[in-house]
Amino acid sequence: MHENTTLNPPMLRKAVSKSSPWLLRWAVVCAVAVSTATTVSAEHNSNKGLGGIKVGQFLNDERRFYNTENGLPSDAVDSVAVTADGTVLAATDKGLARLLGNEFHPLSGAAQAVTRVAPWGDGAVFQMSGSIMQYDKDGRISKLLSLPTDWDEGDELLWLGGRKSLLLGTTQGLFYADGQTVRPFEKFANLASPDTAVYATSVSTAGELAVGTSTGLYERNQQGEWSKLLPAAGNYSWAPIEVRGVAYDEKNQLWFACPQGAGVRTDGKWQLFTGVEGLPYDDFTALAVGNSGTWFGTKIGAIRYLDGVWSYRQGKRWVPADDIHDVAVAPNGDAWFATADGVGRIRRVETSLAEKAKFFEAEIDKYHRRTPYEFVLSVGVDKPGDKSKFTQRDSDNDGLWTSMYGAAECFAYAATKDPKSKERANKAMLAMKFLSEVTQGGEHPAPPGFPARTVLPIDGRNPNDHDNRENDLRKQKEDPLWKVLEPRWPVSADGKWYWKTDISSDELDGHYFLYGLYYDLVAETDEEKAMVQEVTARVTDHLIAHDFQMVDHDGKPTRWGRFSPKELNRDLDFSTGLRGMNSLSVLSYLKVAAHVTGDEKYQEAYMKLIDDEQYAANALVAKRQMGIGTGNQSDDEMAFMAYYGLINYEDDPNLRMHYLISMMPYWKLVEAERNPLFNYIFAACWDTIETGDYQRKTPQSCLEDALFTLKRYPLDRFRWGYKNSHRKDIQFIEGGWFEYWWKNPKGYLRTGVTLPIDEHFVEHWNKDVWNLDAGGNGTSLADGTSFLLPYYMGRYYGFIVEK
């Protein structure tokens, strides 16, 4: 340990005074806390006194689509029904179809347009032409009755249903079948008016009849008396109109849906839901109940309410088309949706976090390993949502993503001792080793220790055809800091690879994150330890030799790999917004290097930046932010990886506390994201601080929120577009500079947290989860590293306890 590792209060005041007055006040508080705090040693495999959460089997949603490729007569589906024995029927504009196994089969007796289908008795009824047809449990089709010939052209059938009697809802009121005759409900017509459109009906097990209409919500009690229902609860008192859905559930609770919101009556008492209560959207089209919850169809997606939790199912991740024509719930809980693009099904499937991890690891092994060095990243697919034909590709950040995958497998090996995990971690570490070797020699060699961003095989496309001087000059007009590099992709000395230049700080953050974890958790032999020490030393030596900059083959620093005091502390044009983050990063690199190699020169360089250049003071505010949802989320991913190495390898109590005080407000800014990686890194690093009445410790909610996201993390890793800015349960982030800089609407749930992970899309944890809308057509398949890394980290630290 360097003899000057104690950062005392006077040094803090001196260092911070060069930054800003409020930092000085913060540093003094920090110093007081340091003077009496008991520092917890940075030992791995400890849950820091938090209660690890036991996790066993749980239910996740999975979806499947059916269209003409799966046997439907047409993709234009008007309605869907499930009979008492679980048979699924779809009414299309070219006939009725029945699901057998995983394929629909058209029914020969119903080959015309079918506009409504509904369960009836042991089978179903449906409208075809001017008749109501019956489908019995044996699959036979027969005519049940003809619709009245005296109905005028404006009398359209909107609903079929009922229990003992067949009910027909129309644009001109409510009718019932009396043998072959269709009769109106006279008492209902007198109460509701004859021209009331009837959208839905439901009959309870006790015999009550509820009717949703254009003019209100009506109910006939067991004595045959009709009334108009006026739900009221708390501050709400509604006279609903355009009631598009009604249903009695198995508990005899009455549900309804209308433009004002949704409601449920339990034992005579109403509970009403709007966006304030968490209802995502309210332009309803249908409603159905079952043992998987209450399902609502809307003009933009489907919604489920179950055990007090709302789940929004919008976009092709969940439904074939957003306009839900009809919803039905099967006896097994499967929810079925009729749309203009076919039939959708959402099924709740029992799984576990461990099963998810095995699934993602198998997917990565099958699709996501590129080149013999097995860089891990997303792939493209030929057909949306179809993995049968895929194309591997490179990215600017192959080193970062592969490092994070390798880090996941380091934690996996430490937690499980599975030899396969060690093999995967070794592969990732060797890939990072190669990136700092491929740049040496050839026509355009980089200085020793310079890592490439990525590589492409020489027998493939020539990336310089696009990434060339002309392209750089074009980008430089829009971005003055953009570097012009020629070539941007030099050829390796052996002539086998193009390697990509201009490495950035986020790449290095990933590399060093892996270096430390591999050394601590995986390297068991002398050869393995020597290998990671060699790689860590040569990259760090490059930084020190070039005044803490990454210098490319052109002899100039890369755009983002710049950590020099002459720029961070003395060049205001360059350092604005970068001083804190880059100071944090380079301190972490040096600390990791000192830990991995044991070479005192890295500790000396580390202390020089602290003592002479105030880098620890710079890192107090690692990122300039304007509150929640602001800034660049890529910085957050970088910062937490840097904090992990810096804090865990720092054994000076004052410096360690200094970094903890930096990390604490940073984490508070992202706490609402329920990000499992950030939460677990925070929990793994944070020490409880106690000084008299002052106490700061990791809240148990940190682990609970992380687990929430891991459990909701979808197995579907296709990039589907999503839309949430229309939702009623959203609080927008608005005002000032924010609206100017961000074109996409941003917001969060009224509960104060961002959207659940299955209601948007996360490829990596650099994703801005405050953005409410994003594109995507299902032709990109992401890997599951963003699940694997926090999951195995949680396992290793005991935050997750598998039952």
# chains A, B, ... in the order shown; residues from 1 in each chain; ligands from 1

$ select_by_dssp --residues "range 508-675 of chain A" --states "alpha helix (DSSP H)" --output "number ranges by chain"
A: 508-517, 526-545, 565-568, 572-575, 579-597, 600-611, 615-618, 633-648, 653-670

$ residues_around --residues "Gly752 in chain A" --least-positions-apart "4" --cutoff "9 Å" --atoms "only C-alpha atoms" --output "JSON, numbers by chain"
{"A": [672, 731, 748]}

$ atom_distance --atom1 "CA of Phe678 in chain A" --atom2 "CA of Thr630 in chain A"
16.3 Å

$ residues_around --residues "Pro240 in chain A" --least-positions-apart "6" --cutoff "10 Å" --atoms "only C-alpha atoms" --output "ChimeraX atom specification"
/A:212-217,228-231,256-262

$ residues_around --residues "Tyr791 in chain A" --least-positions-apart "5" --cutoff "12 Å" --atoms "only C-alpha atoms" --output "PyMOL selection string"
chain A and resi 55+352-358+360+405+407-412+415+675-681+703+706-711+713+784-786+796-802

$ closest_atom_pairs --of "range 417-480 of chain A" --to "range 509-516 of chain A" --cutoff "9 Å" --atoms "only C-alpha atoms" --output "Markdown table"
| residue | atom | partner | partner_atom | distance |
| --- | --- | --- | --- | --- |
| A:Ala428 | CA | A:Leu514 | CA | 8.7 |
| A:Met429 | CA | A:Leu514 | CA | 7.4 |
| A:Met432 | CA | A:His511 | CA | 7.0 |

$ residues_around --residues "Ala110 in chain A" --least-positions-apart "4" --cutoff "8 Å" --atoms "only C-alpha atoms" --output "short mmCIF file (atom, residue, chain, number, x, y, z; two decimals) with N, CA, C and O atoms, in the first residue's frame"
data_model
loop_
_atom_site.label_atom_id
_atom_site.label_comp_id
_atom_site.auth_asym_id
_atom_site.auth_seq_id
_atom_site.Cartn_x
_atom_site.Cartn_y
_atom_site.Cartn_z
N GLY A 95 -64.25 -17.27 -42.77
CA GLY A 95 -64.78 -18.46 -42.15
C GLY A 95 -64.29 -18.70 -40.74
O GLY A 95 -63.44 -17.99 -40.21
N LEU A 96 -64.86 -19.75 -40.13
CA LEU A 96 -64.55 -20.14 -38.77
C LEU A 96 -63.48 -21.22 -38.77
O LEU A 96 -63.47 -22.10 -39.63
N PRO A 106 -59.73 -24.76 -40.80
CA PRO A 106 -61.04 -24.21 -41.19
C PRO A 106 -62.14 -25.26 -41.07
O PRO A 106 -61.92 -26.45 -41.33
N VAL A 114 -67.47 -14.83 -40.81
CA VAL A 114 -68.06 -15.00 -39.48
C VAL A 114 -67.69 -13.77 -38.67
O VAL A 114 -66.51 -13.43 -38.54
N MET A 128 -73.18 -16.06 -39.04
CA MET A 128 -72.71 -16.21 -40.41
C MET A 128 -73.85 -15.82 -41.33
O MET A 128 -74.96 -16.39 -41.23
N ILE A 141 -71.65 -28.56 -37.10
CA ILE A 141 -72.19 -27.21 -37.27
C ILE A 141 -73.62 -27.31 -37.77
O ILE A 141 -73.91 -28.07 -38.72
#

$ residues_around --residues "Lys422 in chain A" --least-positions-apart "4" --cutoff "9 Å" --atoms "only C-alpha atoms" --output "list in words"
Glu409, Cys410, Ala412, Tyr413, Ala414, Lys417, Asp418, Asn426, Lys427 and Val522 of chain A

$ closest_residue --among "A:Ala124, A:Leu400, A:Ile689, A:Ala446" --to "Ala91 in chain A" --atoms "only C-alpha atoms"
A:Ala124

$ residues_around --residues "range 599-616 of chain A" --least-positions-apart "3" --cutoff "6 Å" --atoms "only C-alpha atoms" --output "list in words"
Ala15, Ser583, Leu590, Ala594 and Ala619 of chain A

$ write_last_selection --atoms "N, CA, C and O atoms" --output "PDB file, in the first residue's frame"
ATOM      1  N   ALA A  15      -8.513  19.513  -2.201  1.00  0.00           N
ATOM      2  CA  ALA A  15      -8.809  18.938  -3.508  1.00  0.00           C
ATOM      3  C   ALA A  15     -10.139  19.437  -4.035  1.00  0.00           C
ATOM      4  O   ALA A  15     -10.261  19.830  -5.200  1.00  0.00           O
ATOM      5  N   SER A 583     -12.376  10.635 -14.655  1.00  0.00           N
ATOM      6  CA  SER A 583     -11.536  10.495 -13.465  1.00  0.00           C
ATOM      7  C   SER A 583     -11.872   9.209 -12.731  1.00  0.00           C
ATOM      8  O   SER A 583     -10.976   8.461 -12.299  1.00  0.00           O
ATOM      9  N   LEU A 590      -6.472   1.877 -12.780  1.00  0.00           N
ATOM     10  CA  LEU A 590      -5.208   1.767 -12.062  1.00  0.00           C
ATOM     11  C   LEU A 590      -5.354   0.895 -10.819  1.00  0.00           C
ATOM     12  O   LEU A 590      -4.439   0.129 -10.477  1.00  0.00           O
ATOM     13  N   ALA A 594      -3.325  -2.515 -10.184  1.00  0.00           N
ATOM     14  CA  ALA A 594      -2.517  -2.735  -8.988  1.00  0.00           C
ATOM     15  C   ALA A 594      -2.929  -4.031  -8.293  1.00  0.00           C
ATOM     16  O   ALA A 594      -2.073  -4.787  -7.815  1.00  0.00           O
ATOM     17  N   ALA A 619     -14.017  12.768  -8.951  1.00  0.00           N
ATOM     18  CA  ALA A 619     -14.939  11.628  -9.000  1.00  0.00           C
ATOM     19  C   ALA A 619     -16.073  11.736  -7.999  1.00  0.00           C
ATOM     20  O   ALA A 619     -16.993  10.916  -8.033  1.00  0.00           O
TER      21      ALA A 619
END

$ closest_residue --among "A:Asp552, A:Asp459, A:Asp768, A:Asp526" --to "Asp635 in chain A" --atoms "only C-alpha atoms"
A:Asp768

$ closest_residue --among "A:Ala642, A:Met657, A:Lys366, A:Phe126" --to "Val379 in chain A" --atoms "only C-alpha atoms"
A:Lys366

$ closest_residue --among "A:Asn291, A:Thr597, A:Thr402, A:Ser564" --to "Lys529 in chain A" --atoms "only C-alpha atoms"
A:Thr597

$ select_by_dssp --residues "range 516-568 of chain A" --states "strand (DSSP E)" --output "NGL selection string"
:A and (549-551 or 557-562)

$ atom_distance --atom1 "CA of Arg163 in chain A" --atom2 "CA of Val203 in chain A"
6.5 Å

$ closest_residue --among "A:Trp499, A:Trp667, A:Phe718, A:Trp318" --to "Pro487 in chain A" --atoms "only C-alpha atoms"
A:Trp499

$ closest_residue --among "A:Ser311, A:Thr201, A:Ser378, A:Asn777" --to "Tyr176 in chain A" --atoms "only C-alpha atoms"
A:Thr201
